[in-house]
Every structure is written in C-alpha cells, then in structure tokens.
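Only one structure is covered here, and it is reproduced in the block below.
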Amino acid sequence: MVDKRNLEEKINKVLEKIKIIDIHTHLFPPSFKDLFLYGIDYLLTYHYLIAETVRYLPISPDDFYNLSLKEQAELVWKTLFVDRSPISESARGIVTILTEVGVDFEKKDLSLIRAYFDKIDMESYVDLIFEKAKIDYVVMTNDPLDENEMKYWKCNIFKDKRFRPSLRLDRLINDWENIREYLKVKDYKEIKDHLDKWFLMIEPLYIALSFPPDFRYPDDMLRSRLLEEIMLYAEERKVPIALMIGAKRSVNPSLRLAGDSVGKSNIESIENLCRSFPNNKFMVTMLSRENQHELCVTARKFKNLMIFGCWWFLNTPSLIEEITKMRLELLGFSFIPQHSDARVLEQLIYKWKHSKEIIKKVLYDKYLALIRSGWTLKEEDIERDITQLFRKNFEDFIFSKQ
Ligand code: REL
Ligand code: ZN
C-alpha cells in the first residue's frame, strides 16, 4: 500500500522506468544525414537560445546569422554561460544535458566540451541518449513538400523504429498558390492523389497542421476547404489530425526560426470541428496560456479530442505545473501531458527531465490529496496511471477505430 511516507518514492520509481512515447519532435534518424542534428554546436544554436542571446548583444540578427555555426555557438556560450548565469529554461537545459552525459564544464571552456562530442561513438549514440531520456520512440515531423527531406524518403532507406513518422501539411495550407503549381493541380479537390502518395510513402501515425491564432472554423477561407479535404482523408485512413494552434509566424522575420510568437486563438472553432466531424480524431495543443482552461473544458465535451503537450513557450516549469494540475483536475488521466519538440537529439534529455520533475510534483500533490480523502492507493495503480499518461493515451487514440 502507498501512504504519505512512501508516496514520493513510489512515484519516482515509476517515472524513472517508464518508457516514454514522445509524440511530437523535429528529430530525424542518423540515416537522414544532414537533418540528423546532435552535438554541442547545434544545441547552443537552438533558436530558443539565439533569441535570448541577441537581446544582450549589440549585434543584429542578420549579423548573427551571418556567422558560421561554430561562431554562433561560441557567441551563445559566452553570452549566456560565461558572462551570465544560464538561468532561463532553455539555457539550464544545456547544463542538464552536459551533466547527464558526463561532460566536465567546470572551466566553461567550450573547446573541452566540443572535445567530448567529437569523440562520441555514433553507432550507439542514439540508443545512449534514448536510454538516458527513457524514450521508447519519438514521432518526427515529416514534410512531404520539403525536397531536402524527401530525397531521403525517395531512396527508401527509412527503417528506424525509434523514429516514427507524422505527415506535416503546413506548407500545403499556408502556401497554396505556389504548392498548387508545384503539384500541378488546378483545384484543392485534386489533392487526394497527392495525399495518397505521401501517406503510402511516409506511413504516418497522424497528420499534423499548425495554425496561427486567427484560425477559425468554419469560415470561407480556402484554408478551411483544404482542411476539410484533409479531414475526409484522415477519416478514411482512420488517423488522427494533430492541430497545433496559436503560432504567430515571423513577427520578427530577421530572427528566422526564432522570430515566431504566440497569440490567443478561438475555442469555438475546436468545438465546431469536434462536433461537425465526429468520425475524425483530433489531437490538439494550443500555444497561448489563455487558451488552456477552455481547451480542457472542451476536451470534457468531446471524446474525439485528445489534448497534448505544453508547447514551446509553455514548456517552462511554472506553466507545466499550472497546466498539468488543471488538466488532472478537469480530465483525470485522459490527456497527453507533454511532448519534447526536440530539434537536436540531446535535447530529449533536458526536456523530459525538467518536465518529469514538475509532473512528479503535481502527481504527488494530487495522490496525497486522494489518500487524505480516504482512497487506498497501490503501487500498481500509480504505474497504470502514469503509463496511461506517457504511452497508452497516445497509442489507444491513434489506433482507436472511432
Ligand atoms: O511544430 C511547430 O510548429 C513548432 O513546434 C516549431 O515551429 C517551433 O519552431 C519549435 O521549435 C518549437 O518548439
Ligand atoms: Zn514542433
């Protein structure tokens, strides 16, 4: 039996060994060569850290990006780790990674840190990082309209069970006029053949789309017509659609990937989609803090809605705590608490370590309150619940026939 004295230890034990399914990342396997990112220079030039670095320096984003990758990494290191304490979430992330992989950074000497990464054994490296982060498999973000990525799919080399595909269709929706020409189709109704071709090649676990805060459904924009086509297709293929809503792209274009921001979106549109398309399955994450409560309430109304993750600017300890608490209180265990959004392999370590620290704390408080209310809790109950959060909800949802 679990009681107040051993509760923390029991939760820790389960969280330590659970093999996570990371349902949304931007990672690629080593066979995707230049798209497979790992190592200290890519870690330091993560766009989260670039945005923080240029704030401190008398340098324009353009001048920063004109530097080589190594020079950019050096500047980030000096600015955030040598001249200041790495206090932000993403800067602390680097510290967590270095500690977990066992690199000595006491001297703050980047060349010593680089020496560690230069020596790694590539054969076993992905497994090593997955083992440290306790990952079973990650889901990639696969863009059939990215020619660089497609060259790897076309030579059919992809067979890596640690990296599962998802079909990301942002370009189709956001850049329709150009894409239409590229695909040689006259009308949006003709995209079915392309969807079929991509689906058979990539075999995605789900189809994904991100939308700006002004996303509305229904409306008379072409975007909605394309979405309807995609929904029909997803229903036929029985795969969920992941909707990632609230990313305001390029508010500062000179910052490139670091120049995206956030805006509040509209919950009625999610209600309308879930109600009008009961045979579709929707996985939804919203980027603004202000949308989180209504999103939880909406999930109570529609079982074809699975909410997931604390996305991007919400992936900070204080917001994960607030959001996870609210989700448990309103939805029990019927949500997916987190995804990493990792772009560089080793980020899996810090993103999951930091998230699990907070989720652990929240679960402790909630289980303790339950015990105090008179509930008898067993270790296997904790294991069952946590498995549901970190694995089962996703797999049940993607494989359900609904
Ligand atoms: O999948 C997305 O749209 C976003 O997660 C990305 O655009 C974003 O740049 C990512 O790095 C955030 O974590
Ligand atoms: Zn992402």
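Chain lettering (A, B, ...) mirrors the order of the structure tokens, residue numbering begins at 1 for each chain separately, and ligand numbering begins at 1 in order of display.
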
Near Ser90 of chain A, counting only C-alpha atoms, which residues have an atom at most 8 Å away, once you skip same-chain residues fewer than 3 positions from it, shown as a PyMOL selection string? chain A and resi 48-49+93-94

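A distance cut-off of 6 Å from ligand 1, applied to only C-alpha atoms and all ligand atoms, picks out the residues Ser210, Leu257, Trp312 and Asp341 of chain A.
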
With distances taken over only C-alpha atoms, the candidate from A:Asp160, A:Asp63, A:Glu71, A:Asp83 nearest Pro29 of chain A is A:Asp160

Judged by only C-alpha atoms, the minimum distance to His47 of chain A among A:Glu322, A:Glu147, A:Glu9, A:Asp260 is found for A:Asp260

Judged by only C-alpha atoms, the minimum distance to Tyr125 of chain A among A:Trp77, A:Phe163, A:Tyr38, A:Tyr217 is found for A:Tyr38

*asked:* Taking 5 positions as the minimum chain separation for residues in the same chain, which residues sit within 12 Å of Arg164 of chain A when counting only C-alpha atoms? Answer as a PyMOL selection string.
replied: chain A and resi 21-29+136-142+158-159+202-206

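Of note, atom CA of Asn291 of chain A and atom CA of Asn266 of chain A are spaced 7.9 Å apart.
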
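Our summary of the geometry notes that atom CA of Thr285 of chain A is positioned 16.1 Å from atom CA of Lys301 of chain A.
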
Can you pull out the residues contacting Asp118 of chain A? Cut-off 10 Å, using only C-alpha atoms, and skip same-chain residues under 5 positions away; I want them as a compact mmCIF listing (two decimals) with C-alpha atoms, in the first residue's frame.
```txt
# COMPACT_ATOMS: atom_id res chain seq x y z
CA GLY A 39 26.16 17.82 -30.51
CA ILE A 40 27.06 20.99 -28.69
CA LEU A 112 36.76 20.97 -23.89
CA ILE A 113 33.05 20.42 -24.27
```

task = Write down as number ranges by chain the residues of segment 331-361 of chain A whose backbone DSSP state falls under helix (DSSP H, G or I).
result = A: 331, 347-361

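Residues in contact with Met231 of chain A at 12 Å, where only C-alpha atoms are counted and same-chain residues fewer than 5 positions away are skipped, are listed as Leu169, Lys192, Leu195, Tyr206, Ile207, Ala208, Leu209, Ser224, Arg225, Leu226, Glu236, Arg237, Lys238, Val239, Pro240, Ile241, Ala242, Leu243, Leu273, Cys274, Ser276, Phe277, Pro278, Asn279, Asn280, Lys281 and Phe282 of chain A.
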
Store the residues picked out above, limited to N, CA, C and O atoms, as a short mmCIF file (atom, residue, chain, number, x, y, z; two decimals), in the first residue's frame.
```cif
data_model
loop_
_atom_site.label_atom_id
_atom_site.label_comp_id
_atom_site.auth_asym_id
_atom_site.auth_seq_id
_atom_site.Cartn_x
_atom_site.Cartn_y
_atom_site.Cartn_z
N LEU A 169 1.47 18.97 -42.85
CA LEU A 169 0.97 19.58 -44.10
C LEU A 169 0.85 21.10 -44.04
O LEU A 169 0.06 21.69 -44.78
N LYS A 192 -6.22 14.77 -53.33
CA LYS A 192 -6.36 13.41 -52.79
C LYS A 192 -5.23 12.46 -53.27
O LYS A 192 -4.64 11.73 -52.47
N LEU A 195 -2.14 13.22 -51.41
CA LEU A 195 -2.22 12.74 -50.03
C LEU A 195 -1.95 11.23 -50.00
O LEU A 195 -1.21 10.73 -49.16
N TYR A 206 0.02 10.05 -37.62
CA TYR A 206 -1.05 11.05 -37.68
C TYR A 206 -0.68 12.11 -38.71
O TYR A 206 0.47 12.17 -39.17
N ILE A 207 -1.67 12.93 -39.04
CA ILE A 207 -1.43 14.07 -39.94
C ILE A 207 -1.40 15.31 -39.06
O ILE A 207 -2.21 15.43 -38.13
N ALA A 208 -0.47 16.23 -39.31
CA ALA A 208 -0.36 17.40 -38.43
C ALA A 208 -0.41 18.70 -39.21
O ALA A 208 0.06 18.79 -40.35
N LEU A 209 -0.98 19.71 -38.54
CA LEU A 209 -1.06 21.05 -39.12
C LEU A 209 -0.90 22.06 -38.00
O LEU A 209 -1.44 21.86 -36.90
N SER A 224 -9.81 26.56 -44.87
CA SER A 224 -10.80 25.65 -44.31
C SER A 224 -11.22 24.57 -45.30
O SER A 224 -11.51 23.44 -44.92
N ARG A 225 -11.27 24.95 -46.59
CA ARG A 225 -11.65 23.93 -47.59
C ARG A 225 -10.57 22.85 -47.65
O ARG A 225 -10.84 21.67 -47.72
N LEU A 226 -9.31 23.31 -47.60
CA LEU A 226 -8.21 22.35 -47.63
C LEU A 226 -8.25 21.47 -46.39
O LEU A 226 -8.06 20.25 -46.46
N GLU A 236 -10.91 8.56 -43.61
CA GLU A 236 -10.82 7.34 -44.42
C GLU A 236 -9.65 6.47 -43.97
O GLU A 236 -9.76 5.26 -43.88
N ARG A 237 -8.54 7.10 -43.65
CA ARG A 237 -7.34 6.36 -43.24
C ARG A 237 -7.34 6.04 -41.74
O ARG A 237 -6.41 5.43 -41.23
N LYS A 238 -8.35 6.55 -41.05
CA LYS A 238 -8.50 6.32 -39.60
C LYS A 238 -7.31 6.82 -38.77
O LYS A 238 -6.91 6.22 -37.79
N VAL A 239 -6.71 7.93 -39.23
CA VAL A 239 -5.62 8.51 -38.42
C VAL A 239 -6.08 9.85 -37.83
O VAL A 239 -6.90 10.55 -38.44
N PRO A 240 -5.56 10.20 -36.67
CA PRO A 240 -5.90 11.50 -36.09
C PRO A 240 -5.26 12.65 -36.86
O PRO A 240 -4.28 12.46 -37.58
N ILE A 241 -5.84 13.83 -36.65
CA ILE A 241 -5.20 15.06 -37.13
C ILE A 241 -4.72 15.81 -35.90
O ILE A 241 -5.50 16.03 -34.96
N ALA A 242 -3.45 16.15 -35.90
CA ALA A 242 -2.93 16.98 -34.79
C ALA A 242 -3.04 18.44 -35.21
O ALA A 242 -2.51 18.83 -36.26
N LEU A 243 -3.73 19.23 -34.41
CA LEU A 243 -3.86 20.65 -34.70
C LEU A 243 -3.05 21.41 -33.65
O LEU A 243 -3.26 21.25 -32.45
N LEU A 273 -15.28 21.90 -34.92
CA LEU A 273 -14.65 20.78 -35.62
C LEU A 273 -15.02 19.45 -34.96
O LEU A 273 -15.40 18.50 -35.63
N CYS A 274 -14.91 19.40 -33.63
CA CYS A 274 -15.15 18.12 -32.93
C CYS A 274 -16.62 17.69 -33.08
O CYS A 274 -16.91 16.51 -33.19
N SER A 276 -18.79 18.76 -35.63
CA SER A 276 -19.18 18.54 -37.03
C SER A 276 -18.50 17.33 -37.66
O SER A 276 -18.95 16.84 -38.67
N PHE A 277 -17.38 16.92 -37.07
CA PHE A 277 -16.65 15.78 -37.65
C PHE A 277 -16.43 14.71 -36.58
O PHE A 277 -15.30 14.42 -36.21
N PRO A 278 -17.54 14.11 -36.12
CA PRO A 278 -17.41 13.14 -35.02
C PRO A 278 -16.60 11.91 -35.40
O PRO A 278 -16.12 11.19 -34.52
N ASN A 279 -16.44 11.67 -36.71
CA ASN A 279 -15.66 10.49 -37.11
C ASN A 279 -14.18 10.80 -37.28
O ASN A 279 -13.40 9.93 -37.67
N ASN A 280 -13.82 12.04 -37.03
CA ASN A 280 -12.39 12.38 -37.04
C ASN A 280 -11.87 12.42 -35.61
O ASN A 280 -12.60 12.71 -34.67
N LYS A 281 -10.57 12.10 -35.49
CA LYS A 281 -9.93 12.18 -34.17
C LYS A 281 -8.99 13.38 -34.19
O LYS A 281 -8.17 13.49 -35.10
N PHE A 282 -9.11 14.24 -33.19
CA PHE A 282 -8.28 15.46 -33.15
C PHE A 282 -7.35 15.43 -31.94
O PHE A 282 -7.80 15.28 -30.80
#
```

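Our summary of the geometry notes that atom CA of Tyr188 of chain A is positioned 19.9 Å from atom CA of Leu200 of chain A.
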
Find the spatial neighbours of Arg180 of chain A, counting only C-alpha atoms, within a cut-off of 12 Å - ignore same-chain residues fewer than 4 positions away - and output them as a VMD selection string.
chain A and resid 145 171 to 176 184 to 191 194 226
